[in-house]
Protein chains: 2
Amino acid sequence: MNNYTHQTAPTQFVEAAGIRFAYRRFGAKIDIPLLFFMHFTGTMDHWDPAVTDGFAQDREVILFNNAGVSSSSGEVPTSIEEMAQHAAAFIDALGVKKLNALGFSIGGFVAQQFTMDRPDLVRKLILVGTGPRGGEGMASLTPEGQKIFGAKYDPADEVWLRAFFTPSKRSQAAGRKYLERQRTRKVNRDPLPNEKAAPAQLAALQKWGAAAKDPYAYLKKVTQPTLVVNGSNDVLVYTVNSFILQQNLPDAQLILYPDSNHGAQYQYPELATQFLKG
Amino acid sequence: MNNYTHQTAPTQFVEAAGIRFAYRRFGAKIDIPLLFFMHFTGTMDHWDPAVTDGFAQDREVILFNNAGVSSSSGEVPTSIEEMAQHAAAFIDALGVKKLNALGFSIGGFVAQQFTMDRPDLVRKLILVGTGPRGGEGMASLTPEGQKIFGAKYDPADEVWLRAFFTPSKRSQAAGRKYLERQRTRKVNRDPLPNEKAAPAQLAALQKWGAAAKDPYAYLKKVTQPTLVVNGSNDVLVYTVNSFILQQNLPDAQLILYPDSNHGAQYQYPELATQFLKG
């Protein structure tokens, strides 16, 4: 093991499939690693140290930027399938043979696809603030999401107060604490994704979310024990999609937190980390 | 505190509102007591010792038979409202001023009504395998429920293998363990409810479950922190009703367990007890 934390782990690089992937590894190598799949327009710095360091107490944590995002080279592809292929190439290049996967939002779509493509690699799956192919309100950004991502914020990262937290006093207070934690890393922060990343990610999530016939049938193939986590009032990937995931996955547990939005795991980081470990 | 357990706690009696209520108390008086509201046709002996004794490690547990059920006198009323009034009379007679409440199935209906009637009494609420007024498929026994309760079993208590567990090997194995635990108490077991109890309870649950305009509005009045728990495939009170409860209660958390039916808390007693304590 190394003594790195979320704040101090150096950004490392590995080449695979023509991409130079940026990643960070830290935590106790007591258990197989936990691989984090990031949300829309996020970088490694958008994870909550309370969650990543919480997990790192008894397992190695791997953060990475997928192709075209921030400090990784290449282009963001316009499909979840290609993102999952990139992630698999990255993991193979690291030589990791078995892992647990945590996907948040669009990262949850990629984690599902990754698990279907490479079931041998994945022991357990954690799906946070996410949904199934063809889920409810998922064919585009939700009306709430369009408003939230269309507005200006000063400072700009306050967008996450609206995207991840409810308007309640309690949730906003938790949001401000999350922002503080998220800003704590000072050295070698990731650059923000370039202007091509968001449109490509949007195109990918719209294809994933498009209405389809019997859209949830594929979930029967995801046989890993899965934990589905969300807030009570997710306005970006509606909470009902977490219920749909749980109802259609063969071996899934659901937890919905009170008075919380897309980023429930950042509102209740101790609860979420403790629970996710169980 | 006393040294009683689920198996050894004597059945005691208290008079209130013209009823002689049978009850049992046991567990460590570290926290306010946890009052259990029983399911359709159940007696105090139908609780799972793994759950009740699990809770009793760090709080006092109160089991009781409501009016007309088993060792309690009186008649089973044909409304949830009257059942809640009886429960309140019972608790007042015990002199308990503050408690947590756990309601299972029809007991969850009564616990909701009890909490609305006497918000001062209830600190936290746990709703297991239950649903809201006018919930989905709740205007009568579900078709699955009619089959399950209409069939014959030998021994008769094997009805709970079908009512509380899924057909999977894993769930049925857990069900047999629950039955063994539930049968362990040998001394002073409760008599089964008389033949008038089930029809009255049915009438009450049908009124509670009947379709209504804006049926979930009342849940906004239940402001206590609430934990909603169910199995992934509840065929008696459909699982979606747990989601509806969580979505409409102001401060509720939901947990749905994998591959489980109406009695998820008996399938995963350690998990459930540990989690419910949190």
# chains A, B, ... in the order shown; residues from 1 in each chain; ligands from 1
$ interface_residues --of "chain A" --to "chain B" --cutoff "6 Å" --atoms "only C-alpha atoms" --output "PyMOL selection string"
chain A and resi 251-258
$ residues_around --residues "Gln57 of chain A" --least-positions-apart "2" --cutoff "7 Å" --atoms "only C-alpha atoms" --output "list of chain:residue names"
A:Gly27, A:Ala28, A:Asp53, A:Gly54, A:Phe55, A:Arg59
$ write_last_selection --atoms "all heavy atoms" --output "PDB file, in the first residue's frame"
ATOM      1  N   GLY A  27      -5.087   4.129  -1.012  1.00  0.00           N
ATOM      2  CA  GLY A  27      -5.876   3.315  -0.082  1.00  0.00           C
ATOM      3  C   GLY A  27      -5.197   2.011   0.267  1.00  0.00           C
ATOM      4  O   GLY A  27      -4.219   1.603  -0.356  1.00  0.00           O
ATOM      5  N   ALA A  28      -5.780   1.355   1.264  1.00  0.00           N
ATOM      6  CA  ALA A  28      -5.222   0.119   1.815  1.00  0.00           C
ATOM      7  C   ALA A  28      -5.558  -1.048   0.899  1.00  0.00           C
ATOM      8  O   ALA A  28      -6.724  -1.266   0.560  1.00  0.00           O
ATOM      9  CB  ALA A  28      -5.807  -0.115   3.206  1.00  0.00           C
ATOM     10  N   ASP A  53     -11.885   8.738   0.392  1.00  0.00           N
ATOM     11  CA  ASP A  53     -11.011   8.397   1.522  1.00  0.00           C
ATOM     12  C   ASP A  53     -11.718   7.468   2.498  1.00  0.00           C
ATOM     13  O   ASP A  53     -11.073   6.648   3.157  1.00  0.00           O
ATOM     14  CB  ASP A  53     -10.535   9.672   2.245  1.00  0.00           C
ATOM     15  CG  ASP A  53      -9.433  10.407   1.486  1.00  0.00           C
ATOM     16  OD1 ASP A  53      -8.739   9.772   0.662  1.00  0.00           O
ATOM     17  OD2 ASP A  53      -9.258  11.617   1.729  1.00  0.00           O
ATOM     18  N   GLY A  54     -13.022   7.604   2.595  1.00  0.00           N
ATOM     19  CA  GLY A  54     -13.793   6.674   3.434  1.00  0.00           C
ATOM     20  C   GLY A  54     -13.612   5.247   2.954  1.00  0.00           C
ATOM     21  O   GLY A  54     -13.297   4.339   3.730  1.00  0.00           O
ATOM     22  N   PHE A  55     -13.781   5.034   1.674  1.00  0.00           N
ATOM     23  CA  PHE A  55     -13.565   3.697   1.121  1.00  0.00           C
ATOM     24  C   PHE A  55     -12.111   3.265   1.235  1.00  0.00           C
ATOM     25  O   PHE A  55     -11.812   2.093   1.446  1.00  0.00           O
ATOM     26  CB  PHE A  55     -13.967   3.662  -0.355  1.00  0.00           C
ATOM     27  CG  PHE A  55     -15.436   3.464  -0.560  1.00  0.00           C
ATOM     28  CD1 PHE A  55     -16.212   4.457  -1.141  1.00  0.00           C
ATOM     29  CD2 PHE A  55     -16.042   2.281  -0.193  1.00  0.00           C
ATOM     30  CE1 PHE A  55     -17.571   4.274  -1.338  1.00  0.00           C
ATOM     31  CE2 PHE A  55     -17.398   2.088  -0.387  1.00  0.00           C
ATOM     32  CZ  PHE A  55     -18.161   3.089  -0.957  1.00  0.00           C
ATOM     33  N   ARG A  59      -9.724  -0.453   1.365  1.00  0.00           N
ATOM     34  CA  ARG A  59      -9.579  -0.973  -0.007  1.00  0.00           C
ATOM     35  C   ARG A  59      -8.858   0.069  -0.835  1.00  0.00           C
ATOM     36  O   ARG A  59      -8.850   1.248  -0.492  1.00  0.00           O
ATOM     37  CB  ARG A  59     -10.934  -1.274  -0.630  1.00  0.00           C
ATOM     38  CG  ARG A  59     -11.731  -0.025  -1.010  1.00  0.00           C
ATOM     39  CD  ARG A  59     -13.162  -0.348  -1.055  1.00  0.00           C
ATOM     40  NE  ARG A  59     -13.589  -0.772   0.250  1.00  0.00           N
ATOM     41  CZ  ARG A  59     -14.548  -1.674   0.489  1.00  0.00           C
ATOM     42  NH1 ARG A  59     -15.187  -2.216  -0.518  1.00  0.00           N
ATOM     43  NH2 ARG A  59     -14.880  -2.015   1.713  1.00  0.00           N
TER      44      ARG A  59
END
$ residues_around --residues "segment 83-97 of chain B" --least-positions-apart "2" --cutoff "7 Å" --atoms "only C-alpha atoms" --output "list of chain:residue names"
B:Val14, B:Ala16, B:Ala17, B:Phe21, B:Asn66, B:Ala67, B:Pro77, B:Ser79, B:Ile80, B:Glu81, B:Leu99, B:Val110, B:Gln113, B:Phe114, B:Leu121
$ select_by_dssp --residues "segment 122-270 of chain B" --states "alpha helix (DSSP H)" --output "ChimeraX atom specification"
/B:143-150,159-164,169-183,197-209,240-248,264-267,269-270
$ select_by_dssp --residues "segment 38-185 of chain B" --states "strand (DSSP E or B)" --output "PyMOL selection string"
chain B and resi 60-64+99-104+122-128
$ residues_around --residues "Leu102 of chain A" --least-positions-apart "4" --cutoff "10 Å" --atoms "only C-alpha atoms" --output "list in words"
Leu34, Leu35, Phe36, Phe37, Met38, Gly107, Gly108, Val110, Ala111, Gln112, Lys124, Leu125, Ile126, Leu127, Val128, Thr226, Leu227, Val228 and Leu276 of chain A
$ write_last_selection --atoms "C-alpha atoms" --output "mmCIF file, in the first residue's frame"
data_model
loop_
_atom_site.group_PDB
_atom_site.id
_atom_site.type_symbol
_atom_site.label_atom_id
_atom_site.label_comp_id
_atom_site.auth_asym_id
_atom_site.auth_seq_id
_atom_site.Cartn_x
_atom_site.Cartn_y
_atom_site.Cartn_z
ATOM 1 C CA LEU A 34 -12.931 -0.046 -6.158
ATOM 2 C CA LEU A 35 -13.043 1.681 -9.537
ATOM 3 C CA PHE A 36 -14.983 4.957 -9.746
ATOM 4 C CA PHE A 37 -16.856 5.973 -12.931
ATOM 5 C CA MET A 38 -17.363 9.754 -13.034
ATOM 6 C CA GLY A 107 -20.705 6.873 -14.908
ATOM 7 C CA GLY A 108 -23.378 4.431 -13.774
ATOM 8 C CA VAL A 110 -20.751 3.125 -18.265
ATOM 9 C CA ALA A 111 -20.332 0.890 -15.219
ATOM 10 C CA GLN A 112 -23.370 -1.177 -16.253
ATOM 11 C CA LYS A 124 -19.831 -6.111 -7.036
ATOM 12 C CA LEU A 125 -21.457 -3.095 -8.590
ATOM 13 C CA ILE A 126 -22.590 0.135 -6.954
ATOM 14 C CA LEU A 127 -24.910 2.352 -8.998
ATOM 15 C CA VAL A 128 -25.411 5.844 -7.652
ATOM 16 C CA THR A 226 -25.536 -4.655 -6.948
ATOM 17 C CA LEU A 227 -26.246 -1.793 -4.630
ATOM 18 C CA VAL A 228 -28.422 0.987 -6.061
ATOM 19 C CA LEU A 276 -21.677 0.657 0.703
#
$ closest_residue --among "B:Leu236, B:Ala101, B:Val69, B:Ala217" --to "Ala200 of chain B" --atoms "only C-alpha atoms"
B:Val69
$ residues_around --residues "Tyr266 of chain B" --least-positions-apart "4" --cutoff "8 Å" --atoms "only C-alpha atoms" --output "list in words"
Asp48, Ala50, Val51, Ala174, Gly175 and Tyr178 of chain B
$ residues_around --residues "segment 192-199 of chain B" --least-positions-apart "2" --cutoff "10 Å" --atoms "only C-alpha atoms" --output "tab-separated table (two decimals) with N, CA and C atoms, in the first residue's frame"
chain	number	residue	atom	x	y	z
B	40	PHE	N	-51.32	-9.17	9.58
B	40	PHE	CA	-52.58	-9.91	9.38
B	40	PHE	C	-52.51	-11.30	10.01
B	41	THR	N	-53.46	-11.58	10.89
B	41	THR	CA	-53.65	-12.88	11.55
B	41	THR	C	-52.47	-13.30	12.44
B	42	GLY	N	-51.57	-12.39	12.74
B	42	GLY	CA	-50.41	-12.76	13.55
B	42	GLY	C	-50.62	-12.49	15.03
B	43	THR	N	-49.84	-13.18	15.85
B	43	THR	CA	-49.80	-12.97	17.29
B	43	THR	C	-48.37	-12.57	17.68
B	44	MET	N	-48.14	-12.36	18.96
B	44	MET	CA	-46.79	-12.01	19.41
B	44	MET	C	-45.76	-13.06	19.02
B	45	ASP	N	-46.23	-14.30	18.88
B	45	ASP	CA	-45.28	-15.37	18.56
B	45	ASP	C	-44.85	-15.36	17.09
B	65	ASN	N	-50.69	-7.88	21.55
B	65	ASN	CA	-51.80	-8.24	20.68
B	65	ASN	C	-52.84	-7.15	20.77
B	67	ALA	N	-56.61	-5.36	20.20
B	67	ALA	CA	-57.93	-5.82	20.65
B	67	ALA	C	-58.47	-6.95	19.78
B	68	GLY	N	-58.93	-8.01	20.43
B	68	GLY	CA	-59.58	-9.11	19.74
B	68	GLY	C	-58.64	-10.14	19.17
B	69	VAL	N	-57.33	-9.89	19.29
B	69	VAL	CA	-56.35	-10.80	18.70
B	69	VAL	C	-55.76	-11.70	19.79
B	70	SER	N	-55.91	-13.01	19.59
B	70	SER	CA	-55.23	-14.00	20.43
B	70	SER	C	-55.52	-13.78	21.91
B	71	SER	N	-54.51	-13.60	22.70
B	71	SER	CA	-54.66	-13.53	24.15
B	71	SER	C	-55.20	-12.19	24.66
B	72	SER	N	-55.43	-11.23	23.77
B	72	SER	CA	-56.10	-9.98	24.18
B	72	SER	C	-57.61	-10.17	24.09
B	75	GLU	N	-62.94	-7.34	20.62
B	75	GLU	CA	-63.21	-7.72	19.22
B	75	GLU	C	-62.23	-6.98	18.32
B	76	VAL	N	-61.83	-7.62	17.24
B	76	VAL	CA	-61.03	-6.90	16.24
B	76	VAL	C	-61.94	-5.91	15.53
B	77	PRO	N	-61.62	-4.63	15.56
B	77	PRO	CA	-62.46	-3.66	14.87
B	77	PRO	C	-62.25	-3.75	13.36
B	78	THR	N	-63.16	-3.15	12.61
B	78	THR	CA	-63.07	-3.26	11.15
B	78	THR	C	-62.50	-1.98	10.53
B	189	ARG	N	-47.04	-19.92	24.68
B	189	ARG	CA	-47.26	-19.38	23.33
B	189	ARG	C	-48.66	-18.78	23.27
B	190	ASP	N	-48.80	-17.83	22.37
B	190	ASP	CA	-50.12	-17.23	22.15
B	190	ASP	C	-51.04	-18.21	21.44
B	201	GLN	N	-60.00	-7.94	10.17
B	201	GLN	CA	-58.75	-7.32	9.69
B	201	GLN	C	-58.82	-7.08	8.18
B	202	LEU	N	-59.39	-8.05	7.46
B	202	LEU	CA	-59.55	-7.89	6.00
B	202	LEU	C	-60.41	-6.68	5.68
B	203	ALA	N	-61.52	-6.55	6.40
B	203	ALA	CA	-62.40	-5.40	6.17
B	203	ALA	C	-61.65	-4.11	6.41
B	204	ALA	N	-60.84	-4.08	7.46
B	204	ALA	CA	-60.09	-2.87	7.79
B	204	ALA	C	-59.06	-2.57	6.72
B	205	LEU	N	-58.36	-3.58	6.26
B	205	LEU	CA	-57.30	-3.29	5.28
B	205	LEU	C	-57.89	-2.92	3.93
$ closest_residue --among "B:Arg170, B:Lys186, B:Arg20, B:Arg118" --to "Asn261 of chain B" --atoms "only C-alpha atoms"
B:Arg170
$ closest_residue --among "A:Pro269, A:Gly129, A:Pro119, A:Pro167" --to "Val237 of chain A" --atoms "only C-alpha atoms"
A:Gly129
$ atom_distance --atom1 "atom CA of Asp234 of chain A" --atom2 "atom CA of His262 of chain A"
4.5 Å
$ atom_distance --atom1 "atom CA of Leu179 of chain B" --atom2 "atom CA of Glu144 of chain B"
20.7 Å
